[in-house]
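Colleague: Following this line is my_file.csv, made up of CSV, C-alpha atoms:
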```
chain,number,residue,atom,x,y,z
A,1,MET,CA,12.1,-21.2,27.8
A,2,ARG,CA,8.5,-20.5,28.7
A,3,ARG,CA,7.1,-17.4,27.1
A,4,LYS,CA,6.1,-14.5,29.3
A,5,ILE,CA,2.6,-14.2,28.0
A,6,PRO,CA,-0.6,-13.7,30.0
A,7,PRO,CA,-3.6,-16.1,29.6
A,8,THR,CA,-5.5,-15.4,26.4
A,9,GLN,CA,-8.8,-15.0,28.2
A,10,ALA,CA,-7.3,-12.3,30.4
A,11,LEU,CA,-6.2,-10.4,27.3
A,12,ILE,CA,-9.6,-10.8,25.6
A,13,CYS,CA,-11.3,-9.4,28.7
A,14,PHE,CA,-8.8,-6.6,29.0
A,15,GLU,CA,-9.2,-5.6,25.3
A,16,SER,CA,-13.0,-5.5,25.6
A,17,SER,CA,-12.9,-3.6,28.9
A,18,ALA,CA,-10.5,-1.1,27.5
A,19,ARG,CA,-12.5,-0.5,24.4
A,20,HIS,CA,-15.7,0.1,26.4
A,21,GLU,CA,-14.0,1.4,29.5
A,22,SER,CA,-16.5,-0.7,31.3
A,23,PHE,CA,-16.3,-4.1,33.0
A,24,THR,CA,-20.1,-4.4,32.7
A,25,LYS,CA,-20.2,-3.8,28.9
A,26,ALA,CA,-17.3,-6.2,28.5
A,27,ALA,CA,-19.1,-8.9,30.4
A,28,GLU,CA,-22.2,-8.4,28.2
A,29,GLU,CA,-20.1,-8.6,25.1
A,30,LEU,CA,-18.2,-11.7,26.2
A,31,SER,CA,-21.2,-13.5,27.8
A,32,LEU,CA,-19.5,-13.5,31.2
A,33,THR,CA,-20.4,-12.2,34.6
A,34,GLN,CA,-19.0,-8.9,35.7
A,35,SER,CA,-17.2,-10.6,38.5
A,36,ALA,CA,-15.5,-13.0,36.1
A,37,VAL,CA,-14.2,-10.0,34.0
A,38,CYS,CA,-13.0,-8.2,37.1
A,39,ARG,CA,-11.1,-11.3,38.2
A,40,GLN,CA,-9.4,-11.6,34.8
A,41,ILE,CA,-8.4,-7.9,34.9
A,42,ALA,CA,-7.1,-8.2,38.4
A,43,ASN,CA,-5.1,-11.4,37.5
A,44,LEU,CA,-3.7,-9.5,34.4
A,45,GLU,CA,-2.6,-6.5,36.5
A,46,GLU,CA,-1.0,-8.9,39.0
A,47,PHE,CA,0.8,-10.7,36.2
A,48,LEU,CA,2.1,-7.4,34.8
A,49,ASP,CA,2.6,-5.8,38.1
A,50,VAL,CA,1.1,-2.7,36.5
A,51,GLN,CA,-2.2,-0.9,37.2
A,52,LEU,CA,-4.2,-0.8,34.0
A,53,PHE,CA,-7.4,0.8,35.2
A,54,ARG,CA,-8.3,3.4,37.8
A,55,ARG,CA,-11.4,2.4,39.8
A,56,THR,CA,-13.8,5.2,40.7
A,57,ARG,CA,-17.3,5.5,41.9
A,58,ARG,CA,-18.4,6.4,38.3
A,59,GLY,CA,-16.7,3.3,36.8
A,60,VAL,CA,-13.2,2.6,35.4
A,61,LYS,CA,-10.7,4.6,33.4
A,62,LEU,CA,-7.6,3.4,31.7
A,63,THR,CA,-4.3,4.5,33.2
A,64,GLU,CA,-1.6,5.8,30.8
A,65,ALA,CA,0.0,2.4,30.9
A,66,GLY,CA,-3.4,0.8,30.2
A,67,GLN,CA,-3.9,3.0,27.2
A,68,THR,CA,-0.6,2.0,25.7
A,69,TYR,CA,-1.0,-1.7,26.4
A,70,SER,CA,-4.6,-1.8,25.1
A,71,ARG,CA,-3.5,-0.4,21.7
A,72,ARG,CA,-0.8,-3.1,21.4
A,73,VAL,CA,-3.0,-5.9,22.6
A,74,ALA,CA,-5.9,-4.9,20.3
A,75,SER,CA,-3.6,-5.0,17.3
A,76,ARG,CA,-2.1,-8.4,18.2
A,77,LEU,CA,-5.6,-9.9,18.8
A,78,ASP,CA,-6.8,-8.5,15.5
A,79,ALA,CA,-3.8,-10.2,13.8
A,80,VAL,CA,-4.5,-13.5,15.5
A,81,GLU,CA,-8.1,-13.3,14.4
A,82,ARG,CA,-7.2,-12.5,10.8
A,83,ASP,CA,-4.7,-15.4,10.7
A,84,THR,CA,-7.3,-17.7,12.3
A,85,LEU,CA,-10.0,-16.8,9.7
A,86,SER,CA,-7.4,-17.2,6.9
A,87,VAL,CA,-6.6,-20.7,8.0
A,88,MET,CA,-10.3,-21.6,8.4
A,89,GLY,CA,-11.2,-20.2,5.0
A,90,ASN,CA,-8.2,-21.5,3.0
A,91,GLN,CA,-8.1,-25.2,3.8
A,92,GLY,CA,-6.6,-27.0,0.9
A,93,THR,CA,-5.5,-23.8,-0.8
A,94,ALA,CA,-2.4,-21.6,-0.9
A,95,THR,CA,-2.4,-18.0,0.0
A,96,LEU,CA,-0.2,-15.3,-1.6
A,97,GLU,CA,0.2,-12.2,0.5
A,98,LEU,CA,1.3,-9.4,-1.8
A,99,ALA,CA,2.4,-5.9,-0.9
A,100,LEU,CA,2.2,-3.5,-3.8
A,101,VAL,CA,1.9,0.1,-4.9
A,102,PRO,CA,-1.8,0.8,-5.0
A,103,THR,CA,-2.5,2.6,-8.3
A,104,PHE,CA,-0.5,0.0,-10.2
A,105,GLY,CA,-2.3,-2.8,-8.4
A,106,THR,CA,-5.8,-1.3,-9.2
A,107,GLN,CA,-5.2,-0.1,-12.7
A,108,TRP,CA,-2.8,-2.7,-14.2
A,109,LEU,CA,-2.7,-5.8,-12.1
A,110,LEU,CA,-6.2,-6.3,-10.9
A,111,PRO,CA,-7.8,-6.3,-14.4
A,112,ARG,CA,-5.5,-9.1,-15.3
A,113,LEU,CA,-5.5,-11.1,-12.1
A,114,GLY,CA,-8.6,-13.1,-13.0
A,115,GLN,CA,-6.5,-15.0,-15.6
A,116,PHE,CA,-4.0,-16.1,-13.0
A,117,ILE,CA,-6.8,-17.2,-10.6
A,118,GLN,CA,-8.6,-19.1,-13.3
A,119,ALA,CA,-5.4,-20.9,-14.1
A,120,ASN,CA,-4.5,-21.4,-10.4
A,121,PRO,CA,-7.9,-21.9,-8.6
A,122,GLN,CA,-6.1,-23.3,-5.5
A,123,VAL,CA,-4.3,-19.9,-4.9
A,124,THR,CA,-5.8,-17.0,-3.1
A,125,VAL,CA,-4.1,-13.6,-3.7
A,126,ASN,CA,-4.4,-10.9,-1.0
A,127,PHE,CA,-3.3,-7.3,-1.7
A,128,THR,CA,-2.0,-4.8,0.9
A,129,ASN,CA,-0.9,-1.3,-0.1
A,130,ARG,CA,2.8,-0.5,0.5
A,131,THR,CA,4.5,2.4,-1.3
A,132,ARG,CA,8.0,2.0,0.0
A,133,PRO,CA,10.4,-0.9,0.7
A,134,PHE,CA,10.3,-2.7,4.1
A,135,LEU,CA,11.9,-5.6,5.9
A,136,PHE,CA,10.2,-8.9,4.8
A,137,ALA,CA,11.3,-10.5,8.1
A,138,ASP,CA,9.0,-8.0,10.0
A,139,THR,CA,5.9,-8.8,7.9
A,140,GLU,CA,3.8,-11.7,6.6
A,141,PHE,CA,4.3,-10.7,3.0
A,142,ASP,CA,5.3,-13.3,0.5
A,143,ALA,CA,6.3,-10.8,-2.2
A,144,SER,CA,6.0,-7.2,-3.2
A,145,ILE,CA,5.5,-5.1,-6.4
A,146,TYR,CA,7.2,-1.8,-6.0
A,147,PHE,CA,8.7,1.0,-8.0
A,148,GLY,CA,12.4,1.5,-7.6
A,149,ASP,CA,15.9,0.4,-8.7
A,150,GLY,CA,15.5,-3.3,-8.0
A,151,ASP,CA,18.1,-3.1,-5.2
A,152,TRP,CA,16.4,-4.7,-2.3
A,153,SER,CA,18.6,-6.6,0.2
A,154,GLY,CA,17.9,-10.3,0.7
A,155,THR,CA,15.6,-10.5,-2.3
A,156,GLU,CA,15.5,-11.4,-6.0
A,157,ALA,CA,13.9,-8.7,-8.2
A,158,HIS,CA,12.1,-9.4,-11.5
A,159,PHE,CA,11.7,-6.5,-13.9
A,160,LEU,CA,8.2,-5.7,-15.0
A,161,MET,CA,8.1,-2.4,-16.8
A,162,LYS,CA,9.3,1.2,-16.9
A,163,GLU,CA,7.2,4.3,-16.5
A,164,HIS,CA,6.7,6.9,-19.2
A,165,PRO,CA,4.8,9.8,-17.5
A,166,VAL,CA,3.3,12.7,-19.4
A,167,PRO,CA,1.8,16.0,-18.1
A,168,VAL,CA,-1.9,15.8,-17.7
A,169,CYS,CA,-4.5,18.3,-16.5
A,170,SER,CA,-8.2,19.1,-16.5
A,171,PRO,CA,-9.8,20.1,-19.9
A,172,ALA,CA,-10.7,23.4,-18.3
A,173,LEU,CA,-7.0,24.2,-17.7
A,174,LEU,CA,-6.1,23.3,-21.2
A,175,GLY,CA,-8.9,25.5,-22.6
A,176,ASP,CA,-9.0,25.9,-26.4
A,177,ARG,CA,-5.4,24.9,-26.9
A,178,ALA,CA,-4.4,21.6,-28.4
A,179,GLU,CA,-1.6,21.3,-25.9
A,180,LEU,CA,0.6,23.3,-23.6
A,181,ALA,CA,4.2,24.3,-24.4
A,182,PRO,CA,6.7,23.3,-21.8
A,183,ALA,CA,7.2,27.0,-20.9
A,184,ASP,CA,3.5,27.3,-20.3
A,185,ILE,CA,3.5,24.2,-18.0
A,186,ALA,CA,6.5,25.7,-16.1
A,187,ASN,CA,4.3,28.7,-15.2
A,188,MET,CA,1.4,26.5,-13.9
A,189,PRO,CA,1.1,24.8,-10.5
A,190,LEU,CA,3.1,21.6,-10.6
A,191,LEU,CA,1.5,18.7,-8.7
A,192,GLN,CA,4.2,16.6,-7.1
A,193,GLN,CA,4.3,13.0,-6.1
A,194,SER,CA,6.2,12.3,-2.9
A,195,THR,CA,7.6,8.9,-4.1
A,196,ARG,CA,9.0,10.6,-7.2
A,197,PRO,CA,10.2,13.9,-5.9
A,198,TYR,CA,12.4,14.7,-9.0
A,199,ALA,CA,9.9,13.7,-11.7
A,200,TRP,CA,9.2,17.3,-12.9
A,201,ARG,CA,13.0,18.1,-12.9
A,202,GLN,CA,13.6,15.1,-15.0
A,203,TRP,CA,10.8,16.0,-17.4
A,204,PHE,CA,12.1,19.5,-17.9
A,205,ALA,CA,15.7,18.4,-18.1
A,206,SER,CA,14.8,15.9,-20.9
A,207,GLN,CA,13.8,19.1,-22.9
A,208,GLU,CA,17.0,20.9,-21.9
A,209,MET,CA,15.1,23.2,-19.6
A,210,ARG,CA,15.9,24.4,-16.1
A,211,VAL,CA,12.9,25.5,-14.0
A,212,GLU,CA,13.8,26.9,-10.5
A,213,HIS,CA,10.5,25.9,-8.8
A,214,ASP,CA,10.3,22.4,-10.3
A,215,LEU,CA,10.3,20.8,-6.9
A,216,ASN,CA,7.6,23.1,-5.5
A,217,GLY,CA,3.8,22.4,-5.4
A,218,THR,CA,1.2,20.3,-3.6
A,219,ARG,CA,2.8,17.0,-2.7
A,220,LEU,CA,0.7,13.8,-2.8
A,221,GLU,CA,1.7,10.2,-2.3
A,222,LEU,CA,-0.4,8.2,-4.8
A,223,PHE,CA,-1.1,8.6,-8.5
A,224,SER,CA,-4.8,8.3,-7.8
A,225,MET,CA,-4.4,11.4,-5.6
A,226,LEU,CA,-2.5,13.3,-8.3
A,227,ALA,CA,-5.2,12.4,-10.8
A,228,GLN,CA,-8.0,13.6,-8.6
A,229,ALA,CA,-6.1,16.9,-7.9
A,230,ALA,CA,-5.5,17.4,-11.6
A,231,MET,CA,-9.2,16.7,-12.4
A,232,LEU,CA,-10.1,19.4,-9.8
A,233,GLY,CA,-8.0,21.9,-11.7
A,234,MET,CA,-5.3,22.2,-9.0
A,235,GLY,CA,-2.5,22.0,-11.5
A,236,VAL,CA,-0.6,19.8,-13.9
A,237,ALA,CA,0.5,16.3,-12.9
A,238,LEU,CA,3.0,13.8,-14.3
A,239,ILE,CA,1.3,10.4,-14.6
A,240,PRO,CA,1.9,7.4,-16.8
A,241,PRO,CA,-1.1,7.1,-19.2
A,242,PHE,CA,-1.7,3.4,-18.5
A,243,LEU,CA,-2.6,4.3,-14.9
A,244,ILE,CA,-5.3,6.8,-15.9
A,245,ARG,CA,-6.8,5.2,-19.0
A,246,ASN,CA,-10.4,5.6,-17.8
A,247,GLU,CA,-9.9,9.3,-16.9
A,248,LEU,CA,-8.3,10.0,-20.3
A,249,GLU,CA,-11.0,8.1,-22.3
A,250,ALA,CA,-13.7,10.0,-20.5
A,251,ARG,CA,-11.8,13.3,-20.9
A,252,ARG,CA,-11.8,14.0,-17.2
A,253,LEU,CA,-8.1,14.4,-17.8
A,254,VAL,CA,-6.3,15.4,-21.0
A,255,ILE,CA,-2.6,15.1,-22.0
A,256,ALA,CA,-1.3,18.6,-21.8
A,257,ASN,CA,1.9,17.8,-23.7
A,258,PRO,CA,2.8,14.4,-25.3
A,259,HIS,CA,6.5,14.6,-24.4
A,260,THR,CA,7.7,11.9,-22.0
A,261,PHE,CA,10.9,10.5,-20.6
A,262,GLU,CA,12.0,7.1,-19.5
A,263,SER,CA,12.4,6.9,-15.7
A,264,ASP,CA,15.6,5.5,-14.3
A,265,LYS,CA,13.5,3.3,-12.0
A,266,ALA,CA,10.9,0.6,-12.8
A,267,TYR,CA,8.3,-1.7,-11.4
A,268,TYR,CA,9.7,-5.0,-10.0
A,269,LEU,CA,8.2,-8.1,-8.5
A,270,VAL,CA,10.4,-8.7,-5.4
A,271,ILE,CA,10.6,-12.1,-3.7
A,272,PRO,CA,12.6,-12.7,-0.5
A,273,GLU,CA,15.3,-15.2,-1.1
A,274,ARG,CA,14.0,-17.5,1.7
A,275,LYS,CA,10.7,-17.9,-0.2
A,276,ALA,CA,12.1,-18.2,-3.8
A,277,GLU,CA,11.5,-21.9,-4.0
A,278,SER,CA,7.8,-21.6,-3.2
A,279,ALA,CA,5.8,-23.2,-6.1
A,280,THR,CA,3.0,-20.7,-5.6
A,281,LEU,CA,5.4,-17.8,-5.9
A,282,GLN,CA,7.1,-19.3,-8.9
A,283,ALA,CA,3.8,-19.7,-10.7
A,284,PHE,CA,2.9,-16.1,-9.9
A,285,ARG,CA,6.3,-14.9,-11.0
A,286,ASP,CA,6.1,-16.7,-14.3
A,287,TRP,CA,2.6,-15.4,-15.0
A,288,ILE,CA,3.2,-11.7,-14.1
A,289,THR,CA,6.5,-11.5,-15.9
A,290,THR,CA,4.9,-12.9,-19.0
A,291,GLU,CA,2.0,-10.5,-18.7
A,292,ALA,CA,4.4,-7.6,-18.3
A,293,ASP,CA,6.4,-8.7,-21.3
A,294,THR,CA,3.3,-8.9,-23.4
A,295,TYR,CA,2.2,-5.5,-22.3
A,296,ARG,CA,5.6,-3.9,-23.1
A,297,ARG,CA,5.5,-5.4,-26.6
A,298,SER,CA,2.0,-4.1,-27.2
A,299,VAL,CA,2.9,-0.6,-26.0
A,300,ASN,CA,6.1,-0.6,-28.1
A,301,GLY,CA,4.2,-1.9,-31.2
A,302,ALA,CA,1.6,0.9,-30.8
A,303,ALA,CA,4.3,3.5,-30.5
A,304,GLU,CA,5.9,2.4,-33.7
A,305,LYS,CA,2.7,2.6,-35.8
A,306,PRO,CA,2.4,5.8,-37.9
```
Could I get this structure in the form of structure tokens?
Modeller:
Amino acid sequence: MRRKIPPTQALICFESSARHESFTKAAEELSLTQSAVCRQIANLEEFLDVQLFRRTRRGVKLTEAGQTYSRRVASRLDAVERDTLSVMGNQGTATLELALVPTFGTQWLLPRLGQFIQANPQVTVNFTNRTRPFLFADTEFDASIYFGDGDWSGTEAHFLMKEHPVPVCSPALLGDRAELAPADIANMPLLQQSTRPYAWRQWFASQEMRVEHDLNGTRLELFSMLAQAAMLGMGVALIPPFLIRNELEARRLVIANPHTFESDKAYYLVIPERKAESATLQAFRDWITTEADTYRRSVNGAAEKP
């Protein structure tokens, strides 16, 4: 069955005209005559049987339907352009589209990724931030690294590592004290992470404490946001040390109390079952699980030293 899609040239003319709200500026941008742009818009409106612009003596204005359609068309054309540039720029190579939690990607994966690229020069790896699960069928992602329980329908999950968060704060908040007692921390503003809403409750519970306001406090989505808020003295944050190594070494953040707990969730590499046989994904899977295993062993070895 033939698709109900307008001609591409008409969509391009419409997107430019909508962005400028001017047929004249669209014509200049597209190196067309104004009359040619007007014809394309008129043909598109006839095709849709919808008025997209209101014509006035002062020019043109998008109708409500035109505003809605322009946003959708612009996003689709942007996607087509990205895909086109990707194909043009990756001839003879493989591309891995990876969705991942951003702070983990920046602080742990990116410093190691050069090793994978050096060993697999034919593979290009692209990162996109995603903090929560999604439907792979609705995206172009080949795999995802996320923090959860590993239960993601229609996928195979490969364990990478657990989190062991500790309370951190600015040096000014710590003052002259070597560390803060849990009771002291309970009386300070608790910075919350929206993707780990019960982290503070778990931390206090691991010390057999019950704090009534452990779910209260400024709520932020990313560890990088929590770290920034803590550095600004807004409160105490629970963050795994490996995600803030630079901040700790520079003493922009300090560990307020060394006690930690093992989260019941973990970082996983998640691959949709329909792509599990991909040689590129298998190579990436083997590499990152080996890297994660090496990292876990190094952390455990350091913890066992006196």
Colleague: Which distance in Å separates CA of Ala94 (chain A) and CA of Thr289 (chain A), to one decimal?
Modeller: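 Atom-to-atom, CA of Ala94 (chain A) to CA of Thr289 (chain A), that is 20.2 Å.
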Colleague: If you measure from CA of Ser70 (chain A) to CA of Thr131 (chain A), what distance in Å do you get, rounded to one decimal?
Modeller: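 Between CA of Ser70 (chain A) and CA of Thr131 (chain A) the gap is 28.2 Å.
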Colleague: Between A:Glu15, A:Glu97, A:Glu249, A:Glu64, which one has atoms that come closest to Leu77 (chain A), using only C-alpha atoms?
Modeller: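 Ranking A:Glu15, A:Glu97, A:Glu249, A:Glu64 by distance to Leu77 (chain A), first place goes to A:Glu15.
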Colleague: Neighbours of Met209 (chain A) within 12 Å (all atoms listed in the file; same-chain residues fewer than 2 positions away dropped), as a list in words?
Modeller: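 Near Met209 (chain A), the qualifying residues are Ala181, Pro182, Ala183, Ile185, Ala186, Trp200, Arg201, Gln202, Trp203, Phe204, Ala205, Ser206, Gln207, Val211, Glu212 and Asp214 of chain A.
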Colleague: Please compute the CA of Val60 (chain A)-CA of Ala18 (chain A) distance, one decimal, in Å.
Modeller: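 The value is 9.1 Å.
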Colleague: Please provide the set of residues having any atom within 9 Å of region 102-113 of chain A, restricted to only C-alpha atoms, with same-chain residues fewer than 5 positions apart removed, written as a list in words.
Modeller: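 Everything that qualifies: Gln118, Val125, Phe127, Thr128, Asn129, Arg130, Thr131, Ile145, Tyr146, Leu222, Phe223, Ser224, Phe242, Leu243, Ile244, Arg245, Ile288 and Glu291 of chain A.
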Colleague: Return the single residue from A:Leu248, A:Ala292, A:Met188, A:Met161 that is closest to Lys265 (chain A), with distances computed using all atoms listed in the file.
Modeller: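 Ranking A:Leu248, A:Ala292, A:Met188, A:Met161 by distance to Lys265 (chain A), first place goes to A:Met161.
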